[in-house]
Amino acid sequence: IATPAASASGPSSARKYQLDEAQYQAPDVGLIDADGGGVALRPFLAAEGPVLLQFVFVTCSTVCPLLSASLSSAQTELNALSGGKHRLISISIDPEQDTPEQLRDYAKRFKAGGNWHFLTGQPDDIKAVLQAFDASYSSGNKMYHKPLTFMRRSPDAVWRRIDGLLGKQDLIAEYRRTMGLSD
């Protein structure tokens, strides 16, 4: 359940994306990682350290490659800023098609480092995760999903919801703001 918090500060007219902050409660579901292992989502998200989360699917030819490219290009700087303690999480919204093997190939395509986790699962579980993050898309057609990035500093912190496409510099700037780091 999302509960709105104060909007992020800064000149929104200069941004090409929207910022909000909200509390999200991950559902108690089990997902599958790119190695075929089980991941209990709620404790996985509740682990210490910063988290950046996106919803993608591997056959997407529109926003997903752009979302993933922004994470890919920012990995080195995120490692430096967090001391390697952050986690990037990409959750497939097409669990019927996105097998662990396909997620591994997708991860290789974007040169995913060890801090980047790719997850899929049962359709009902993925739907529950999308609903929990207020990221459901219209008419059940995955092509209508929004380009969303979620960030949070720690398990007890509010999530920063970024609606729109971010380049590397914007992603790093929003991460720095989320972490309370000076620019």
# chains A, B, ... in the order shown; residues from 1 in each chain; ligands from 1

$ residues_around --residues "A:Gln75" --least-positions-apart "6" --cutoff "9 Å" --atoms "only C-alpha atoms" --output "number ranges by chain"
A: 88, 112-113, 115-116

$ write_last_selection --atoms "N, CA and C atoms" --output "mmCIF file, in the first residue's frame"
data_model
loop_
_atom_site.group_PDB
_atom_site.id
_atom_site.type_symbol
_atom_site.label_atom_id
_atom_site.label_comp_id
_atom_site.auth_asym_id
_atom_site.auth_seq_id
_atom_site.Cartn_x
_atom_site.Cartn_y
_atom_site.Cartn_z
ATOM 1 N N LEU A 88 20.650 -3.398 -6.973
ATOM 2 C CA LEU A 88 19.793 -3.069 -8.108
ATOM 3 C C LEU A 88 18.904 -4.288 -8.311
ATOM 4 N N ALA A 112 25.494 -6.610 -16.246
ATOM 5 C CA ALA A 112 25.078 -6.502 -14.846
ATOM 6 C C ALA A 112 26.167 -7.014 -13.919
ATOM 7 N N GLY A 113 26.487 -6.207 -12.923
ATOM 8 C CA GLY A 113 27.443 -6.603 -11.898
ATOM 9 C C GLY A 113 26.774 -7.441 -10.823
ATOM 10 N N ASN A 115 25.873 -6.797 -7.902
ATOM 11 C CA ASN A 115 24.852 -6.143 -7.065
ATOM 12 C C ASN A 115 23.499 -6.058 -7.760
ATOM 13 N N TRP A 116 23.426 -6.517 -8.995
ATOM 14 C CA TRP A 116 22.204 -6.387 -9.777
ATOM 15 C C TRP A 116 21.491 -7.727 -9.825
#

$ closest_atom_pairs --of "stretch 33-148 of chain A" --to "stretch 162-173 of chain A" --cutoff "7 Å" --atoms "only C-alpha atoms" --output "JSON lines"
{"residue": "A:Leu67", "atom": "CA", "partner": "A:Leu165", "partner_atom": "CA", "distance": 6.5}
{"residue": "A:Ser70", "atom": "CA", "partner": "A:Lys168", "partner_atom": "CA", "distance": 5.1}
{"residue": "A:Ser73", "atom": "CA", "partner": "A:Lys168", "partner_atom": "CA", "distance": 6.1}
{"residue": "A:Ala74", "atom": "CA", "partner": "A:Lys168", "partner_atom": "CA", "distance": 5.5}
{"residue": "A:Pro147", "atom": "CA", "partner": "A:Gly164", "partner_atom": "CA", "distance": 5.1}
{"residue": "A:Leu148", "atom": "CA", "partner": "A:Asp163", "partner_atom": "CA", "distance": 4.7}

$ write_last_selection --atoms "N, CA and C atoms" --output "CSV table (one decimal), in the first residue's frame"
chain,number,residue,atom,x,y,z
A,67,LEU,N,15.6,1.8,-19.4
A,67,LEU,CA,15.6,1.7,-17.9
A,67,LEU,C,16.9,0.9,-17.5
A,70,SER,N,20.2,2.7,-18.1
A,70,SER,CA,20.6,3.7,-17.1
A,70,SER,C,21.2,3.1,-15.9
A,73,SER,N,24.8,1.8,-16.9
A,73,SER,CA,25.8,2.9,-17.1
A,73,SER,C,26.2,3.5,-15.7
A,74,ALA,N,25.3,3.4,-14.7
A,74,ALA,CA,25.6,4.0,-13.4
A,74,ALA,C,26.2,3.0,-12.4
A,147,PRO,N,7.6,3.7,-17.2
A,147,PRO,CA,9.0,3.7,-16.8
A,147,PRO,C,9.3,4.2,-15.4
A,148,LEU,N,9.3,3.2,-14.5
A,148,LEU,CA,9.4,3.6,-13.1
A,148,LEU,C,10.7,3.1,-12.5

$ closest_atom_pairs --of "stretch 73-118 of chain A" --to "stretch 36-59 of chain A" --cutoff "8 Å" --atoms "only C-alpha atoms" --output "Markdown table"
| residue | atom | partner | partner_atom | distance |
| --- | --- | --- | --- | --- |
| A:Ser82 | CA | A:Pro50 | CA | 7.8 |
| A:Lys85 | CA | A:Gly49 | CA | 5.8 |
| A:His86 | CA | A:Pro50 | CA | 4.6 |
| A:Arg87 | CA | A:Val51 | CA | 4.9 |
| A:Leu88 | CA | A:Leu52 | CA | 4.9 |
| A:Ile89 | CA | A:Leu53 | CA | 4.7 |
| A:Ser90 | CA | A:Gln54 | CA | 4.9 |
| A:Ile91 | CA | A:Phe55 | CA | 4.8 |
| A:Ser92 | CA | A:Phe57 | CA | 4.9 |
| A:Ile93 | CA | A:Phe57 | CA | 5.7 |
| A:Asp94 | CA | A:Phe57 | CA | 5.7 |
| A:Asp98 | CA | A:Val58 | CA | 6.6 |
| A:Pro100 | CA | A:Gly36 | CA | 5.6 |
| A:Gln102 | CA | A:Val58 | CA | 7.2 |
| A:Leu103 | CA | A:Val58 | CA | 7.1 |
| A:Tyr106 | CA | A:Val58 | CA | 6.4 |

$ write_last_selection --atoms "all heavy atoms" --output "CSV table (one decimal), in the first residue's frame"
chain,number,residue,atom,x,y,z
A,82,SER,N,28.2,3.9,-2.7
A,82,SER,CA,27.6,3.0,-1.6
A,82,SER,C,28.7,2.1,-1.0
A,82,SER,O,28.3,1.4,-0.1
A,82,SER,CB,26.5,2.2,-2.2
A,82,SER,OG,27.0,1.2,-3.0
A,85,LYS,N,27.5,-1.5,-1.4
A,85,LYS,CA,26.4,-2.0,-0.5
A,85,LYS,C,25.0,-1.8,-1.0
A,85,LYS,O,24.0,-2.2,-0.3
A,85,LYS,CB,26.5,-1.4,0.9
A,85,LYS,CG,27.8,-1.8,1.6
A,85,LYS,CD,27.9,-1.2,3.0
A,85,LYS,CE,29.2,-1.7,3.6
A,85,LYS,NZ,29.7,-0.9,4.7
A,86,HIS,N,24.9,-1.3,-2.2
A,86,HIS,CA,23.5,-1.1,-2.8
A,86,HIS,C,23.1,-2.4,-3.5
A,86,HIS,O,23.9,-3.3,-3.8
A,86,HIS,CB,23.6,0.1,-3.8
A,86,HIS,CG,24.4,-0.2,-5.0
A,86,HIS,ND1,25.7,-0.3,-5.0
A,86,HIS,CD2,24.0,-0.6,-6.2
A,86,HIS,CE1,26.2,-0.6,-6.2
A,86,HIS,NE2,25.1,-0.8,-7.0
A,87,ARG,N,21.8,-2.5,-3.8
A,87,ARG,CA,21.3,-3.5,-4.7
A,87,ARG,C,20.4,-2.9,-5.8
A,87,ARG,O,19.6,-2.1,-5.5
A,87,ARG,CB,20.5,-4.5,-3.9
A,87,ARG,CG,21.3,-5.5,-3.0
A,87,ARG,CD,20.5,-6.3,-2.1
A,87,ARG,NE,20.0,-5.5,-1.1
A,87,ARG,CZ,18.8,-5.5,-0.6
A,87,ARG,NH1,17.9,-6.5,-1.0
A,87,ARG,NH2,18.3,-4.7,0.3
A,88,LEU,N,20.6,-3.4,-7.0
A,88,LEU,CA,19.8,-3.1,-8.1
A,88,LEU,C,18.9,-4.3,-8.3
A,88,LEU,O,19.4,-5.4,-8.3
A,88,LEU,CB,20.6,-2.8,-9.4
A,88,LEU,CG,21.7,-1.8,-9.3
A,88,LEU,CD1,22.5,-1.7,-10.6
A,88,LEU,CD2,21.2,-0.4,-8.9
A,89,ILE,N,17.6,-4.1,-8.5
A,89,ILE,CA,16.7,-5.2,-8.6
A,89,ILE,C,15.8,-4.9,-9.8
A,89,ILE,O,15.1,-3.8,-9.9
A,89,ILE,CB,15.8,-5.4,-7.4
A,89,ILE,CG1,16.7,-5.6,-6.2
A,89,ILE,CG2,14.8,-6.5,-7.6
A,89,ILE,CD1,16.0,-5.6,-4.8
A,90,SER,N,15.8,-5.8,-10.8
A,90,SER,CA,14.9,-5.7,-12.0
A,90,SER,C,13.9,-6.9,-11.9
A,90,SER,O,14.4,-8.1,-11.9
A,90,SER,CB,15.7,-5.8,-13.3
A,90,SER,OG,16.5,-4.7,-13.4
A,91,ILE,N,12.7,-6.6,-11.8
A,91,ILE,CA,11.6,-7.6,-11.7
A,91,ILE,C,10.9,-7.7,-13.0
A,91,ILE,O,10.4,-6.7,-13.5
A,91,ILE,CB,10.6,-7.3,-10.5
A,91,ILE,CG1,11.4,-7.3,-9.2
A,91,ILE,CG2,9.5,-8.3,-10.5
A,91,ILE,CD1,10.6,-6.9,-8.0
A,92,SER,N,10.8,-8.9,-13.6
A,92,SER,CA,10.1,-9.1,-14.8
A,92,SER,C,8.6,-9.0,-14.6
A,92,SER,O,8.0,-9.6,-13.7
A,92,SER,CB,10.4,-10.5,-15.4
A,92,SER,OG,9.6,-10.8,-16.5
A,93,ILE,N,8.0,-8.3,-15.6
A,93,ILE,CA,6.5,-8.2,-15.6
A,93,ILE,C,5.9,-9.2,-16.6
A,93,ILE,O,4.7,-9.2,-16.8
A,93,ILE,CB,6.0,-6.7,-15.8
A,93,ILE,CG1,6.4,-6.3,-17.2
A,93,ILE,CG2,6.5,-5.8,-14.8
A,93,ILE,CD1,5.8,-5.0,-17.7
A,94,ASP,N,6.8,-10.0,-17.1
A,94,ASP,CA,6.3,-11.0,-18.1
A,94,ASP,C,6.8,-12.4,-17.7
A,94,ASP,O,7.6,-13.0,-18.3
A,94,ASP,CB,6.8,-10.7,-19.5
A,94,ASP,CG,6.2,-11.5,-20.6
A,94,ASP,OD1,5.3,-12.3,-20.3
A,94,ASP,OD2,6.7,-11.4,-21.7
A,98,ASP,N,9.7,-14.8,-19.4
A,98,ASP,CA,11.0,-14.5,-18.8
A,98,ASP,C,11.5,-15.5,-17.9
A,98,ASP,O,11.2,-15.5,-16.6
A,98,ASP,CB,11.0,-13.1,-18.2
A,98,ASP,CG,10.9,-11.9,-19.2
A,98,ASP,OD1,10.9,-12.2,-20.4
A,98,ASP,OD2,10.7,-10.8,-18.7
A,100,PRO,N,14.5,-17.9,-16.0
A,100,PRO,CA,15.8,-17.5,-15.4
A,100,PRO,C,16.9,-17.4,-16.5
A,100,PRO,O,17.7,-16.5,-16.4
A,100,PRO,CB,16.0,-18.6,-14.4
A,100,PRO,CG,14.7,-19.0,-13.9
A,100,PRO,CD,13.8,-18.9,-15.2
A,102,GLN,N,16.6,-16.6,-19.6
A,102,GLN,CA,16.4,-15.4,-20.4
A,102,GLN,C,16.8,-14.2,-19.6
A,102,GLN,O,17.4,-13.2,-20.1
A,102,GLN,CB,14.9,-15.2,-20.8
A,102,GLN,CG,14.6,-16.2,-22.0
A,102,GLN,CD,13.1,-16.2,-22.3
A,102,GLN,OE1,12.3,-16.2,-21.4
A,102,GLN,NE2,12.8,-16.2,-23.5
A,103,LEU,N,16.6,-14.2,-18.3
A,103,LEU,CA,17.0,-13.1,-17.4
A,103,LEU,C,18.6,-13.1,-17.3
A,103,LEU,O,19.1,-12.0,-17.3
A,103,LEU,CB,16.4,-13.3,-16.0
A,103,LEU,CG,14.9,-13.1,-15.9
A,103,LEU,CD1,14.5,-13.3,-14.4
A,103,LEU,CD2,14.5,-11.7,-16.3
A,106,TYR,N,19.7,-11.5,-20.5
A,106,TYR,CA,19.4,-10.0,-20.4
A,106,TYR,C,20.4,-9.3,-19.5
A,106,TYR,O,20.9,-8.3,-19.8
A,106,TYR,CB,18.0,-9.9,-19.8
A,106,TYR,CG,17.4,-8.5,-19.9
A,106,TYR,CD1,16.9,-7.9,-21.0
A,106,TYR,CD2,17.4,-7.7,-18.7
A,106,TYR,CE1,16.4,-6.6,-21.1
A,106,TYR,CE2,16.9,-6.4,-18.8
A,106,TYR,CZ,16.4,-5.9,-19.9
A,106,TYR,OH,15.8,-4.6,-20.0

$ closest_residue --among "A:Gly114, A:Ala34, A:Arg177, A:Lys16" --to "A:Asn79" --atoms "only C-alpha atoms"
A:Gly114

$ residues_around --residues "A:Ala132" --least-positions-apart "4" --cutoff "7 Å" --atoms "only C-alpha atoms" --output "VMD selection string"
chain A and resid 1 24 to 27 128

$ select_by_dssp --residues "stretch 28-107 of chain A" --states "strand (DSSP E or B)" --output "list of chain:residue names"
A:Gly30, A:Leu31, A:Ile32, A:Asp33, A:Gly38, A:Val39, A:Ala40, A:Val51, A:Leu52, A:Leu53, A:Gln54, A:Phe55, A:Val56, A:Arg87, A:Leu88, A:Ile89, A:Ser90, A:Ile91, A:Ser92

$ closest_residue --among "A:Leu130, A:Ala135, A:Met151, A:Ala107" --to "A:Asp35" --atoms "only C-alpha atoms"
A:Ala107

$ closest_residue --among "A:Pro155, A:Ala69, A:Glu174, A:Met179" --to "A:Phe110" --atoms "only C-alpha atoms"
A:Ala69

$ closest_residue --among "A:Gly121, A:Leu81, A:Thr178, A:Leu31" --to "A:Val158" --atoms "only C-alpha atoms"
A:Thr178

$ atom_distance --atom1 "atom CA of A:Thr76" --atom2 "atom CA of A:Arg109"
16.4 Å

$ atom_distance --atom1 "atom CA of A:Arg161" --atom2 "atom CA of A:Cys64"
16.4 Å

$ select_by_dssp --residues "chain A" --states "helix (DSSP H, G or I)" --output "JSON, numbers by chain"
{"A": [12, 13, 14, 41, 42, 43, 44, 45, 46, 63, 64, 65, 66, 67, 68, 69, 70, 71, 72, 73, 74, 75, 76, 77, 78, 79, 80, 81, 82, 100, 101, 102, 103, 104, 105, 106, 107, 108, 109, 123, 124, 125, 126, 127, 128, 129, 130, 131, 132, 138, 139, 140, 142, 143, 144, 168, 169, 170, 171, 172, 173, 174, 175, 176, 177, 178, 179]}
